[in-house]
>>> print(open('protein15.cif').read())   # mmCIF, C-alpha atoms
data_data
loop_
_atom_site.label_atom_id
_atom_site.label_comp_id
_atom_site.auth_asym_id
_atom_site.auth_seq_id
_atom_site.Cartn_x
_atom_site.Cartn_y
_atom_site.Cartn_z
CA MET A 1 -41.91 -12.79 19.86
CA ALA A 2 -40.54 -15.87 18.10
CA THR A 3 -37.86 -16.22 20.76
CA LEU A 4 -40.48 -16.20 23.57
CA GLN A 5 -42.55 -18.85 21.82
CA ALA A 6 -39.51 -21.05 21.36
CA SER A 7 -38.64 -20.61 25.04
CA SER A 8 -42.15 -21.72 26.03
CA ILE A 9 -41.71 -24.88 23.95
CA LEU A 10 -38.46 -25.70 25.69
CA SER A 11 -39.94 -25.08 29.15
CA SER A 12 -42.85 -27.39 28.39
CA PHE A 13 -40.42 -30.15 27.43
CA CYS A 14 -38.40 -29.63 30.60
CA SER A 15 -41.53 -29.67 32.83
CA ALA A 16 -42.71 -32.90 31.19
CA SER A 17 -39.34 -34.51 31.77
CA SER A 18 -39.13 -33.44 35.43
CA SER A 19 -42.66 -34.61 36.27
CA SER A 20 -42.00 -38.03 34.78
CA SER A 21 -38.89 -38.48 36.91
CA PHE A 22 -40.92 -38.16 40.17
CA ARG A 23 -43.65 -40.58 39.07
CA ARG A 24 -42.18 -44.01 38.54
CA GLY A 25 -44.05 -46.45 36.41
CA THR A 26 -46.28 -43.79 34.91
CA ASN A 27 -46.07 -42.98 31.22
CA ILE A 28 -46.97 -39.42 30.35
CA THR A 29 -47.95 -38.56 26.85
CA ALA A 30 -48.20 -34.90 25.93
CA LYS A 31 -49.49 -33.48 22.74
CA ILE A 32 -48.05 -30.12 21.83
CA ASN A 33 -49.70 -27.79 19.42
CA THR A 34 -46.71 -26.02 17.95
CA PRO A 35 -47.26 -22.42 16.94
CA ASN A 36 -46.51 -21.25 13.44
CA ILE A 37 -43.08 -19.61 13.90
CA ARG A 38 -42.04 -17.35 11.05
CA THR A 39 -38.47 -16.25 11.54
CA ASN A 40 -35.30 -16.23 9.51
CA LYS A 41 -32.64 -15.73 12.21
CA ILE A 42 -33.39 -18.34 14.92
CA SER A 43 -31.79 -21.72 15.39
CA LEU A 44 -32.73 -24.07 18.26
CA PRO A 45 -30.18 -26.49 19.69
CA ILE A 46 -30.74 -30.19 19.36
CA LEU A 47 -32.14 -31.59 22.60
CA ILE A 48 -30.58 -34.69 23.97
CA GLN A 49 -33.14 -37.45 24.31
CA ARG A 50 -33.95 -37.86 27.95
CA ARG A 51 -35.93 -40.50 29.79
CA GLY A 52 -39.58 -39.55 30.15
CA ILE A 53 -40.03 -37.72 26.78
CA SER A 54 -42.24 -39.64 24.47
CA GLU A 55 -41.41 -40.53 20.89
CA HIS A 56 -44.24 -38.35 19.64
CA GLU A 57 -42.77 -35.30 21.40
CA GLN A 58 -39.34 -35.98 19.88
CA ILE A 59 -40.78 -36.23 16.39
CA ASN A 60 -42.62 -32.92 16.74
CA PHE A 61 -39.52 -31.17 18.06
CA ASN A 62 -37.30 -32.49 15.25
CA THR A 63 -39.82 -31.29 12.70
CA ILE A 64 -39.74 -27.75 14.17
CA GLU A 65 -35.97 -27.69 14.23
CA LYS A 66 -35.58 -28.82 10.60
CA GLN A 67 -38.07 -26.20 9.40
CA LEU A 68 -36.19 -23.42 11.22
CA ILE A 69 -32.79 -24.51 9.91
CA ILE A 70 -34.02 -24.80 6.33
CA SER A 71 -35.70 -21.38 6.46
CA ALA A 72 -32.57 -19.60 7.86
CA PRO A 73 -30.71 -17.85 5.01
CA SER A 74 -26.99 -18.17 4.50
CA LYS A 75 -25.35 -14.89 5.38
CA ARG A 76 -22.26 -15.82 3.43
CA GLY A 77 -24.29 -16.64 0.37
CA ASP A 78 -26.12 -13.32 0.58
CA MET A 79 -22.79 -11.50 0.81
CA ILE A 80 -21.48 -13.25 -2.27
CA ASN A 81 -24.64 -12.45 -4.21
CA ASP A 82 -24.64 -8.79 -3.07
CA PRO A 83 -21.98 -6.82 -5.02
CA ASP A 84 -21.79 -4.05 -2.39
CA LEU A 85 -21.19 -6.45 0.49
CA LEU A 86 -18.63 -8.36 -1.55
CA ALA A 87 -16.76 -5.14 -2.35
CA VAL A 88 -16.71 -4.26 1.35
CA GLU A 89 -15.32 -7.68 2.22
CA LYS A 90 -12.63 -7.40 -0.45
CA LEU A 91 -11.63 -3.93 0.75
CA TYR A 92 -11.31 -5.25 4.29
CA THR A 93 -9.09 -8.04 2.98
CA ILE A 94 -6.87 -5.54 1.16
CA LYS A 95 -6.84 -3.33 4.24
CA GLU A 96 -5.52 -6.22 6.36
CA ALA A 97 -2.80 -6.93 3.80
CA VAL A 98 -1.80 -3.25 3.72
CA ALA A 99 -1.60 -3.14 7.52
CA ASP A 100 0.67 -6.19 7.43
CA ARG A 101 2.93 -4.50 4.87
CA VAL A 102 3.15 -1.38 7.00
CA GLU A 103 4.43 -3.47 9.90
CA MET A 104 6.86 -5.41 7.69
CA HIS A 105 8.39 -2.31 6.10
CA ARG A 106 8.64 -0.56 9.46
CA ASN A 107 10.45 -3.51 11.08
CA ILE A 108 12.78 -4.10 8.14
CA GLY A 109 13.53 -0.37 7.91
CA GLU A 110 14.62 -0.33 11.55
CA GLN A 111 16.72 -3.44 10.97
CA ARG A 112 18.52 -1.94 7.97
CA SER A 113 19.12 1.31 9.82
CA GLN A 114 20.83 -0.74 12.51
CA TRP A 115 22.88 -2.48 9.81
CA ASN A 116 24.25 0.89 8.76
CA SER A 117 25.34 1.93 12.24
CA MET A 118 26.73 -1.47 13.23
CA LEU A 119 28.67 -2.01 9.99
CA LEU A 120 30.04 1.53 10.10
CA THR A 121 31.31 1.07 13.66
CA SER A 122 32.72 -2.39 13.00
CA ILE A 123 34.55 -1.52 9.78
CA ASN A 124 36.02 1.66 11.22
CA GLY A 125 37.19 -0.29 14.26
CA ILE A 126 38.85 -2.90 12.05
CA ILE A 127 40.56 -0.24 9.91
CA LEU A 128 41.89 1.71 12.89
CA ALA A 129 43.13 -1.48 14.57
CA ALA A 130 44.99 -2.47 11.39
CA ALA A 131 46.52 1.02 11.09
CA THR A 132 47.69 0.84 14.68
CA MET A 133 49.34 -2.53 14.05
CA VAL A 134 51.13 -1.12 11.01
CA GLY A 135 52.47 1.74 13.12
CA VAL A 136 53.67 -0.61 15.84
CA ALA A 137 55.30 -2.89 13.27
CA ALA A 138 57.08 0.04 11.64
CA THR A 139 58.58 1.28 14.92
CA SER A 140 59.46 -2.11 16.40
CA GLY A 141 62.94 -3.47 15.93
CA ASP A 142 62.02 -7.06 16.65
CA SER A 143 60.27 -9.56 14.41
CA VAL A 144 57.03 -8.03 13.14
CA LEU A 145 55.75 -10.86 10.96
CA GLY A 146 52.72 -11.47 13.16
CA LEU A 147 51.73 -7.80 13.20
CA LYS A 148 52.20 -7.54 9.43
CA MET A 149 50.02 -10.57 8.74
CA CYS A 150 47.34 -9.49 11.20
CA SER A 151 47.12 -5.94 9.83
CA THR A 152 47.06 -7.20 6.23
CA LEU A 153 44.24 -9.64 7.00
CA LEU A 154 42.26 -6.94 8.81
CA TYR A 155 42.62 -4.56 5.87
CA LEU A 156 41.52 -7.26 3.43
CA ALA A 157 38.51 -8.07 5.60
CA ALA A 158 37.61 -4.38 5.81
CA THR A 159 37.93 -4.09 2.03
CA GLY A 160 35.51 -6.95 1.44
CA MET A 161 33.02 -5.64 3.98
CA LEU A 162 33.20 -2.17 2.48
CA ILE A 163 32.51 -3.50 -1.01
CA ILE A 164 29.38 -5.29 0.23
CA MET A 165 28.25 -2.33 2.31
CA ASN A 166 28.75 0.11 -0.55
CA LYS A 167 26.88 -2.22 -2.87
CA ILE A 168 23.72 -2.52 -0.75
CA GLN A 169 23.84 0.98 0.84
CA PRO A 170 22.05 0.22 4.15
CA SER A 171 21.15 3.87 4.79
CA GLN A 172 19.45 4.05 1.38
CA LEU A 173 17.64 0.76 2.05
CA ALA A 174 16.37 2.13 5.35
CA GLU A 175 15.09 5.27 3.63
CA GLU A 176 13.29 3.14 1.03
CA GLN A 177 11.51 1.21 3.77
CA ARG A 178 10.59 4.40 5.63
CA LYS A 179 9.11 5.80 2.43
CA ALA A 180 7.23 2.57 1.76
CA THR A 181 5.88 2.55 5.31
CA ARG A 182 4.51 6.06 4.89
CA LEU A 183 2.95 5.29 1.50
CA PHE A 184 1.34 2.05 2.69
CA GLN A 185 0.01 3.89 5.75
CA ASP A 186 -1.44 6.53 3.44
CA LEU A 187 -3.10 3.80 1.36
CA TYR A 188 -4.46 2.24 4.55
CA ASN A 189 -6.02 5.57 5.49
CA GLN A 190 -7.53 5.92 2.01
CA ILE A 191 -9.18 2.50 2.29
CA GLU A 192 -10.51 3.38 5.73
CA THR A 193 -11.98 6.59 4.34
CA THR A 194 -13.63 4.69 1.47
CA LEU A 195 -15.16 2.20 3.90
CA SER A 196 -16.35 4.87 6.34
CA ILE A 197 -18.02 6.90 3.58
CA GLY A 198 -19.81 3.74 2.47
CA HIS A 199 -21.00 2.17 -0.79
CA PRO A 200 -17.62 1.03 -2.17
CA SER A 201 -17.67 -0.46 -5.64
CA ALA A 202 -15.59 -2.89 -7.66
CA ILE A 203 -13.67 0.10 -9.08
CA ASP A 204 -12.50 1.03 -5.56
CA VAL A 205 -11.38 -2.56 -4.99
CA ASN A 206 -9.44 -2.68 -8.26
CA GLU A 207 -7.77 0.67 -7.58
CA ALA A 208 -6.70 -0.37 -4.09
CA MET A 209 -5.34 -3.69 -5.37
CA THR A 210 -3.42 -1.97 -8.17
CA LYS A 211 -1.90 0.53 -5.74
CA VAL A 212 -0.71 -2.27 -3.45
CA LEU A 213 1.00 -4.09 -6.31
CA ALA A 214 2.58 -0.86 -7.59
CA LEU A 215 4.03 -0.14 -4.13
CA ASP A 216 5.34 -3.69 -3.84
CA LYS A 217 7.15 -3.23 -7.15
CA ALA A 218 8.49 0.24 -6.31
CA TYR A 219 9.84 -0.70 -2.88
CA PRO A 220 10.74 -4.41 -2.81
CA LEU A 221 11.66 -6.10 0.46
CA PRO A 222 14.22 -8.70 -0.77
CA LEU A 223 17.83 -7.76 -1.49
CA LEU A 224 18.76 -10.38 -4.06
CA GLY A 225 17.48 -10.04 -7.59
CA VAL A 226 14.93 -7.25 -7.12
CA MET A 227 16.87 -4.67 -5.10
CA LEU A 228 16.68 -1.16 -6.50
CA GLU A 229 19.77 0.04 -8.36
CA LYS A 230 21.86 2.07 -5.92
CA PHE A 231 24.07 3.70 -8.58
CA PRO A 232 21.84 4.26 -11.63
CA SER A 233 23.23 5.76 -14.82
CA SER A 234 20.65 8.57 -14.67
CA VAL A 235 18.52 10.03 -11.91
CA GLU A 236 14.82 9.44 -12.45
CA PRO A 237 11.96 10.32 -10.08
CA ALA A 238 10.71 7.46 -7.96
CA VAL A 239 7.42 6.00 -9.24
CA TRP A 240 5.17 4.14 -6.81
CA TRP A 241 1.72 4.66 -8.35
CA PRO A 242 0.00 2.69 -11.14
CA GLN A 243 0.56 4.03 -14.62
CA GLN A 244 -2.52 2.56 -16.33
CA ARG A 245 -4.64 5.64 -15.77
CA ARG A 246 -2.68 7.52 -18.47
CA ARG A 247 -4.02 5.25 -21.18
CA GLN A 248 -7.62 6.48 -21.38
CA PRO A 249 -7.72 10.27 -21.63
CA LYS A 250 -11.10 11.85 -22.10
CA ARG A 251 -12.29 15.10 -23.60
CA VAL A 252 -12.05 18.07 -21.22
CA SER A 253 -15.37 19.28 -19.93
CA ASN A 254 -16.10 22.32 -17.79
CA ASN A 255 -19.44 21.17 -16.53
CA GLY A 256 -20.22 20.04 -13.01
CA ASN A 257 -18.26 18.70 -10.05
CA ASP A 258 -17.27 22.22 -8.87
CA TRP A 259 -14.73 22.64 -11.67
CA ASN A 260 -14.59 25.81 -13.74
CA ARG A 261 -12.26 27.42 -16.22
CA LYS A 262 -10.51 29.51 -13.55
CA LEU A 263 -9.72 26.47 -11.39
CA GLU A 264 -8.45 24.51 -14.38
CA GLU A 265 -6.11 27.34 -15.38
CA GLU A 266 -4.92 27.61 -11.79
CA MET A 267 -4.09 23.91 -11.65
CA LYS A 268 -2.26 24.10 -14.98
CA LYS A 269 -0.05 26.91 -13.69
CA ILE A 270 0.72 25.03 -10.48
CA MET A 271 1.55 21.93 -12.49
CA GLY A 272 4.01 23.97 -14.55
CA VAL A 273 5.73 25.39 -11.45
CA LEU A 274 6.01 21.90 -9.95
CA GLY A 275 7.74 20.59 -13.07
CA ARG A 276 10.05 23.56 -13.74
CA LYS A 277 11.08 24.44 -10.21
CA ASP A 278 10.52 21.74 -7.58
CA GLN A 279 11.08 18.59 -9.60
CA GLU A 280 14.06 19.91 -11.54
CA GLU A 281 15.70 21.17 -8.34
CA TYR A 282 15.48 17.79 -6.61
CA ILE A 283 16.70 15.95 -9.68
CA ARG A 284 19.70 18.31 -9.79
CA LEU A 285 20.42 17.70 -6.10
CA GLY A 286 19.96 13.96 -6.63
CA LYS A 287 22.59 13.96 -9.37
CA LYS A 288 25.08 15.67 -7.06
CA ALA A 289 24.38 13.23 -4.23
CA LEU A 290 24.76 10.29 -6.62
CA LYS A 291 28.14 11.53 -7.90
CA LEU A 292 29.41 12.03 -4.36
CA ASN A 293 28.19 8.61 -3.31
CA LYS A 294 29.87 6.94 -6.28
CA PHE A 295 33.17 8.67 -5.51
CA LEU A 296 33.06 7.67 -1.84
CA ALA A 297 31.98 4.10 -2.63
CA ILE A 298 35.02 3.63 -4.88
CA SER A 299 37.48 5.49 -2.65
CA GLY A 300 36.83 3.51 0.53
CA PRO A 301 37.71 0.00 -0.71
CA LEU A 302 40.55 1.43 -2.84
CA LEU A 303 42.19 3.05 0.19
CA THR A 304 41.85 -0.06 2.35
CA GLY A 305 43.27 -2.18 -0.47
CA LEU A 306 46.31 0.12 -0.77
CA ALA A 307 46.71 0.06 2.99
CA ALA A 308 46.69 -3.75 2.92
CA ILE A 309 49.48 -3.73 0.32
CA GLY A 310 51.50 -1.23 2.38
CA SER A 311 51.09 -3.24 5.58
CA ALA A 312 52.34 -6.37 3.82
CA PHE A 313 55.63 -4.67 2.88
CA VAL A 314 56.40 -3.00 6.21
CA ASP A 315 60.05 -3.51 7.18
CA SER A 316 60.68 -5.46 3.96
CA SER A 317 63.67 -3.30 3.00
CA PRO A 318 65.34 -0.18 4.43
CA SER A 319 64.52 1.90 1.34
CA HIS A 320 60.85 0.95 0.87
CA GLY A 321 59.82 0.00 4.40
CA SER A 322 59.05 3.55 5.51
CA TRP A 323 56.92 4.25 2.43
CA ALA A 324 55.02 1.02 2.92
CA ALA A 325 54.36 1.88 6.55
CA MET A 326 53.22 5.36 5.57
CA LEU A 327 50.84 3.88 2.98
CA GLY A 328 49.45 1.42 5.50
CA ILE A 329 48.84 4.06 8.18
CA VAL A 330 47.66 6.97 6.05
CA GLY A 331 45.57 4.75 3.76
CA GLY A 332 43.76 3.26 6.75
CA ALA A 333 43.12 6.66 8.30
CA LEU A 334 41.75 8.09 5.06
CA ALA A 335 39.59 5.01 4.49
CA SER A 336 38.07 5.47 7.93
CA VAL A 337 37.30 9.11 7.15
CA VAL A 338 35.75 8.25 3.77
CA ASN A 339 33.66 5.49 5.30
CA THR A 340 32.42 7.84 8.01
CA ILE A 341 31.43 10.51 5.49
CA GLU A 342 29.63 8.04 3.22
CA HIS A 343 27.75 5.93 5.74
CA GLY A 344 27.85 8.14 8.82
CA GLY A 345 26.60 11.02 6.69
CA GLN A 346 24.13 8.62 5.00
CA VAL A 347 24.78 9.94 1.51
CA GLY A 348 22.78 7.07 0.03
CA MET A 349 19.79 8.04 2.16
CA VAL A 350 20.10 11.64 0.97
CA PHE A 351 20.08 10.49 -2.67
CA GLU A 352 17.01 8.35 -2.10
CA MET A 353 15.26 11.23 -0.34
CA TYR A 354 15.91 13.55 -3.31
CA ARG A 355 14.72 10.87 -5.74
CA SER A 356 11.55 10.28 -3.72
CA ASN A 357 10.82 14.00 -3.48
CA ALA A 358 11.16 14.33 -7.26
CA GLY A 359 8.75 11.41 -7.57
CA PHE A 360 6.31 13.14 -5.22
CA PHE A 361 6.20 16.20 -7.48
CA GLU A 362 5.82 13.94 -10.52
CA TYR A 363 2.88 12.26 -8.80
CA MET A 364 1.22 15.60 -8.08
CA GLN A 365 1.63 16.69 -11.70
CA GLU A 366 0.02 13.46 -12.92
CA SER A 367 -2.81 13.88 -10.40
CA ILE A 368 -3.55 17.35 -11.76
CA GLU A 369 -3.27 16.16 -15.35
CA SER A 370 -5.59 13.21 -14.81
CA ASN A 371 -8.22 15.44 -13.19
CA LEU A 372 -8.01 17.88 -16.08
CA THR A 373 -8.35 15.22 -18.78
CA GLU A 374 -10.30 12.32 -17.28
CA THR A 375 -13.44 14.23 -16.42
CA GLY A 376 -15.45 11.08 -15.86
CA ARG A 377 -13.37 10.17 -12.78
CA ARG A 378 -12.23 13.62 -11.62
CA GLU A 379 -12.51 14.56 -7.97
CA ASN A 380 -14.57 17.39 -6.64
CA GLY A 381 -12.84 20.63 -7.65
CA GLU A 382 -13.00 22.34 -4.27
CA LEU A 383 -11.80 19.21 -2.48
CA PHE A 384 -8.97 18.66 -4.97
CA GLU A 385 -7.76 22.25 -4.56
CA MET A 386 -7.68 21.81 -0.79
CA LYS A 387 -5.69 18.57 -1.14
CA MET A 388 -3.12 20.30 -3.35
CA ALA A 389 -2.77 23.14 -0.84
CA LEU A 390 -2.25 20.75 2.07
CA LYS A 391 0.29 18.62 0.22
CA LEU A 392 2.29 21.71 -0.74
CA GLY A 393 2.13 23.19 2.75
CA ARG A 394 0.13 26.21 1.63
CA SER A 395 -3.18 27.81 2.41
CA LEU A 396 -5.79 28.16 -0.32
CA SER A 397 -4.99 31.85 -0.71
CA ASP A 398 -1.24 31.09 -1.01
CA LEU A 399 -1.96 28.50 -3.66
CA ARG A 400 -4.06 30.94 -5.67
CA ASN A 401 -1.42 33.64 -5.29
CA LEU A 402 1.21 31.26 -6.66
CA ALA A 403 -0.96 30.52 -9.68
CA ALA A 404 -1.60 34.25 -10.18
CA ALA A 405 2.15 34.98 -10.03
CA ALA A 406 2.82 32.30 -12.62
CA THR A 407 0.10 33.78 -14.84
CA SER A 408 1.16 37.42 -14.59
CA SER A 409 4.86 36.81 -15.41
CA LYS A 410 6.87 34.50 -17.58
CA ALA A 411 7.04 30.95 -16.38
CA GLU A 412 10.84 31.01 -16.18
CA ASP A 413 10.82 34.18 -14.05
CA VAL A 414 8.92 32.62 -11.14
CA ASP A 415 11.54 32.13 -8.40
CA GLU A 416 9.20 30.69 -5.77
CA PHE A 417 8.94 26.95 -5.34
CA ALA A 418 5.49 25.41 -5.23
CA SER A 419 6.15 23.34 -2.11
CA LYS A 420 6.84 24.87 1.26
CA LEU A 421 7.24 21.54 3.05
CA PHE A 422 10.60 20.48 1.55
#
>>> encode(input="protein15.cif", output="structure tokens")
Amino acid sequence: MATLQASSILSSFCSASSSSSFRRGTNITAKINTPNIRTNKISLPILIQRRGISEHEQINFNTIEKQLIISAPSKRGDMINDPDLLAVEKLYTIKEAVADRVEMHRNIGEQRSQWNSMLLTSINGIILAAATMVGVAATSGDSVLGLKMCSTLLYLAATGMLIIMNKIQPSQLAEEQRKATRLFQDLYNQIETTLSIGHPSAIDVNEAMTKVLALDKAYPLPLLGVMLEKFPSSVEPAVWWPQQRRRQPKRVSNNGNDWNRKLEEEMKKIMGVLGRKDQEEYIRLGKKALKLNKFLAISGPLLTGLAAIGSAFVDSSPSHGSWAAMLGIVGGALASVVNTIEHGGQVGMVFEMYRSNAGFFEYMQESIESNLTETGRRENGELFEMKMALKLGRSLSDLRNLAAAATSSKAEDVDEFASKLF
């Protein structure tokens, strides 16, 4: 209704202006009785002063416009004053940042995966070319100084490149970025779910912000200074979730939220199986992968260094020339094999995968523990049980059967792993 009244005002101004343009020398004075417009969401544009509109008309129009602009509320100010709207805006801001991180980790993960394949091919090509030159120099009767120098330089270059490659472990870096991409995507989906359900609070905003910072710390993008240790002294599960929630345990309560004593006992048994079977198994496999990776990372540069020494002494003397040539050829061949096993087999990626899987089971144990102790913030019991079943690749009946098997026998006698996904 207010829009129609405003349109009638504008049409009256336009009709007055057009009539005055056809009647030269005639001054038209119109008096407009402006209606009482009560609206909060209308704003009229400023009319350009045209010939034929009287000063009185302009004054009345300006008065209407000022009243409408003053009465219009500031949407931004209302959002700032409304805690719910402000929480929604903050969650959308975090959601945009998380989406950006997903794209960054995905792109950098692809780049580092390409590093692994390109460096592997290049270094193996250099090593095999140097070994071939050593063989030619050993069988040639002419001057072989150029071949000796070239093969020695190639071996030294391969040694330096191998040291750098073994230090940064491109396959492990790529696996870290793939894991970070999946976790940030999961956080993005959680924020979307919170927004779609509606009524987010400041607690939801703080939790989302804390999770983003924890993921940034667990899977850093730079290589210098903050890169994760590729050869740690001990294998620990990966941790990518905030640890502050452990600090405020609350008294266990069995009332409400679809939790009961049976469900709590079931979750405790599943938590025990996760710690004794799944997590310990992946830590054990991670230790084996780490030992193999350390051995291969040392062997590769050592073999190329020995091959460089052998190539430098080819044809130096009749007694030692053959042994030097043998060292240069065999050392290069073995270095190529070791490099292929380490980086072609992506042993570093396998170690990171085992470490991340152990961290996943640690995360599930902490989730169960926090829901058992922090009753004030626990999830719905039926929903939490379904989440556990989905994450472990089981149906609800399978999950309950696992808990029953752990209850009926000794904990150490349960041979079945909790997870059926990996």
>>> closest_residue(input="protein15.cif", among="A:Leu91, A:Leu145, A:Ala218, A:Leu173", to="Asp204 in chain A", atoms="only C-alpha atoms")
A:Leu91
>>> closest_residue(input="protein15.cif", among="A:Asp415, A:Glu280, A:Glu264, A:Glu176", to="Tyr219 in chain A", atoms="all atoms listed in the file")
A:Glu176
>>> resolve_selection(input="protein15.cif", expression="the PyMOL selection byres ((chain A and resi 105) around 9)", output="MDAnalysis selection string")
chainID A and resid 100:104 106:110 176:181 184 221
>>> residues_near_point(input="protein15.cif", point="(43.1, -1.7, 12.4)", cutoff="12 Å", atoms="all atoms listed in the file", output="PyMOL selection string")
chain A and resi 122-136+147-159+304+307-308+311+328-333+335-336
>>> write_last_selection(input="protein15.cif", atoms="C-alpha atoms", output="PDB file, in the frame of the given file")
ATOM      1  CA  SER A 122      32.720  -2.390  13.000  1.00  0.00           C
ATOM      2  CA  ILE A 123      34.550  -1.520   9.780  1.00  0.00           C
ATOM      3  CA  ASN A 124      36.020   1.660  11.220  1.00  0.00           C
ATOM      4  CA  GLY A 125      37.190  -0.290  14.260  1.00  0.00           C
ATOM      5  CA  ILE A 126      38.850  -2.900  12.050  1.00  0.00           C
ATOM      6  CA  ILE A 127      40.560  -0.240   9.910  1.00  0.00           C
ATOM      7  CA  LEU A 128      41.890   1.710  12.890  1.00  0.00           C
ATOM      8  CA  ALA A 129      43.130  -1.480  14.570  1.00  0.00           C
ATOM      9  CA  ALA A 130      44.990  -2.470  11.390  1.00  0.00           C
ATOM     10  CA  ALA A 131      46.520   1.020  11.090  1.00  0.00           C
ATOM     11  CA  THR A 132      47.690   0.840  14.680  1.00  0.00           C
ATOM     12  CA  MET A 133      49.340  -2.530  14.050  1.00  0.00           C
ATOM     13  CA  VAL A 134      51.130  -1.120  11.010  1.00  0.00           C
ATOM     14  CA  GLY A 135      52.470   1.740  13.120  1.00  0.00           C
ATOM     15  CA  VAL A 136      53.670  -0.610  15.840  1.00  0.00           C
ATOM     16  CA  LEU A 147      51.730  -7.800  13.200  1.00  0.00           C
ATOM     17  CA  LYS A 148      52.200  -7.540   9.430  1.00  0.00           C
ATOM     18  CA  MET A 149      50.020 -10.570   8.740  1.00  0.00           C
ATOM     19  CA  CYS A 150      47.340  -9.490  11.200  1.00  0.00           C
ATOM     20  CA  SER A 151      47.120  -5.940   9.830  1.00  0.00           C
ATOM     21  CA  THR A 152      47.060  -7.200   6.230  1.00  0.00           C
ATOM     22  CA  LEU A 153      44.240  -9.640   7.000  1.00  0.00           C
ATOM     23  CA  LEU A 154      42.260  -6.940   8.810  1.00  0.00           C
ATOM     24  CA  TYR A 155      42.620  -4.560   5.870  1.00  0.00           C
ATOM     25  CA  LEU A 156      41.520  -7.260   3.430  1.00  0.00           C
ATOM     26  CA  ALA A 157      38.510  -8.070   5.600  1.00  0.00           C
ATOM     27  CA  ALA A 158      37.610  -4.380   5.810  1.00  0.00           C
ATOM     28  CA  THR A 159      37.930  -4.090   2.030  1.00  0.00           C
ATOM     29  CA  THR A 304      41.850  -0.060   2.350  1.00  0.00           C
ATOM     30  CA  ALA A 307      46.710   0.060   2.990  1.00  0.00           C
ATOM     31  CA  ALA A 308      46.690  -3.750   2.920  1.00  0.00           C
ATOM     32  CA  SER A 311      51.090  -3.240   5.580  1.00  0.00           C
ATOM     33  CA  GLY A 328      49.450   1.420   5.500  1.00  0.00           C
ATOM     34  CA  ILE A 329      48.840   4.060   8.180  1.00  0.00           C
ATOM     35  CA  VAL A 330      47.660   6.970   6.050  1.00  0.00           C
ATOM     36  CA  GLY A 331      45.570   4.750   3.760  1.00  0.00           C
ATOM     37  CA  GLY A 332      43.760   3.260   6.750  1.00  0.00           C
ATOM     38  CA  ALA A 333      43.120   6.660   8.300  1.00  0.00           C
ATOM     39  CA  ALA A 335      39.590   5.010   4.490  1.00  0.00           C
ATOM     40  CA  SER A 336      38.070   5.470   7.930  1.00  0.00           C
TER      41      SER A 336
END
>>> closest_residue(input="protein15.cif", among="A:Ala174, A:Arg182, A:Lys294, A:Met326", to="Leu306 in chain A", atoms="all atoms listed in the file")
A:Met326
>>> closest_residue(input="protein15.cif", among="A:Ala325, A:Ala87, A:Leu285, A:Leu274", to="Pro200 in chain A", atoms="all atoms listed in the file")
A:Ala87
>>> residues_near_point(input="protein15.cif", point="(33.8, 0.2, -4.7)", cutoff="8 Å", atoms="only C-alpha atoms", output="PyMOL selection string")
chain A and resi 162-163+166-167+294+297-302
>>> atom_distance(input="protein15.cif", atom1="CA of Phe231 in chain A", atom2="CA of Ser356 in chain A")
15.0 Å
>>> closest_residue(input="protein15.cif", among="A:Trp259, A:Phe361, A:Trp323, A:Trp240", to="Phe384 in chain A", atoms="only C-alpha atoms")
A:Trp259
>>> resolve_selection(input="protein15.cif", expression="the PyMOL selection byres ((chain A and resi 171) around 8)", output="number ranges by chain")
A: 112-113, 116, 169-170, 172-175, 343, 346-349
>>> closest_residue(input="protein15.cif", among="A:Glu366, A:Val144, A:Leu396, A:Pro232", to="Ala312 in chain A", atoms="only C-alpha atoms")
A:Val144
>>> atom_distance(input="protein15.cif", atom1="CA of Gln243 in chain A", atom2="CA of Ile191 in chain A")
19.6 Å
>>> resolve_selection(input="protein15.cif", expression="the PyMOL selection byres ((chain A and resi 379) around 12)", output="ChimeraX atom specification")
/A:256-259,367-378,380-388
>>> residues_around(input="protein15.cif", residues="Pro237 in chain A", least_positions_apart="4", cutoff="8 Å", atoms="all atoms listed in the file", output="list in words")
Ile283, Arg355, Ser356, Asn357, Ala358, Gly359, Phe360 and Glu362 of chain A
>>> atom_distance(input="protein15.cif", atom1="CA of Lys291 in chain A", atom2="CA of Val239 in chain A")
21.5 Å
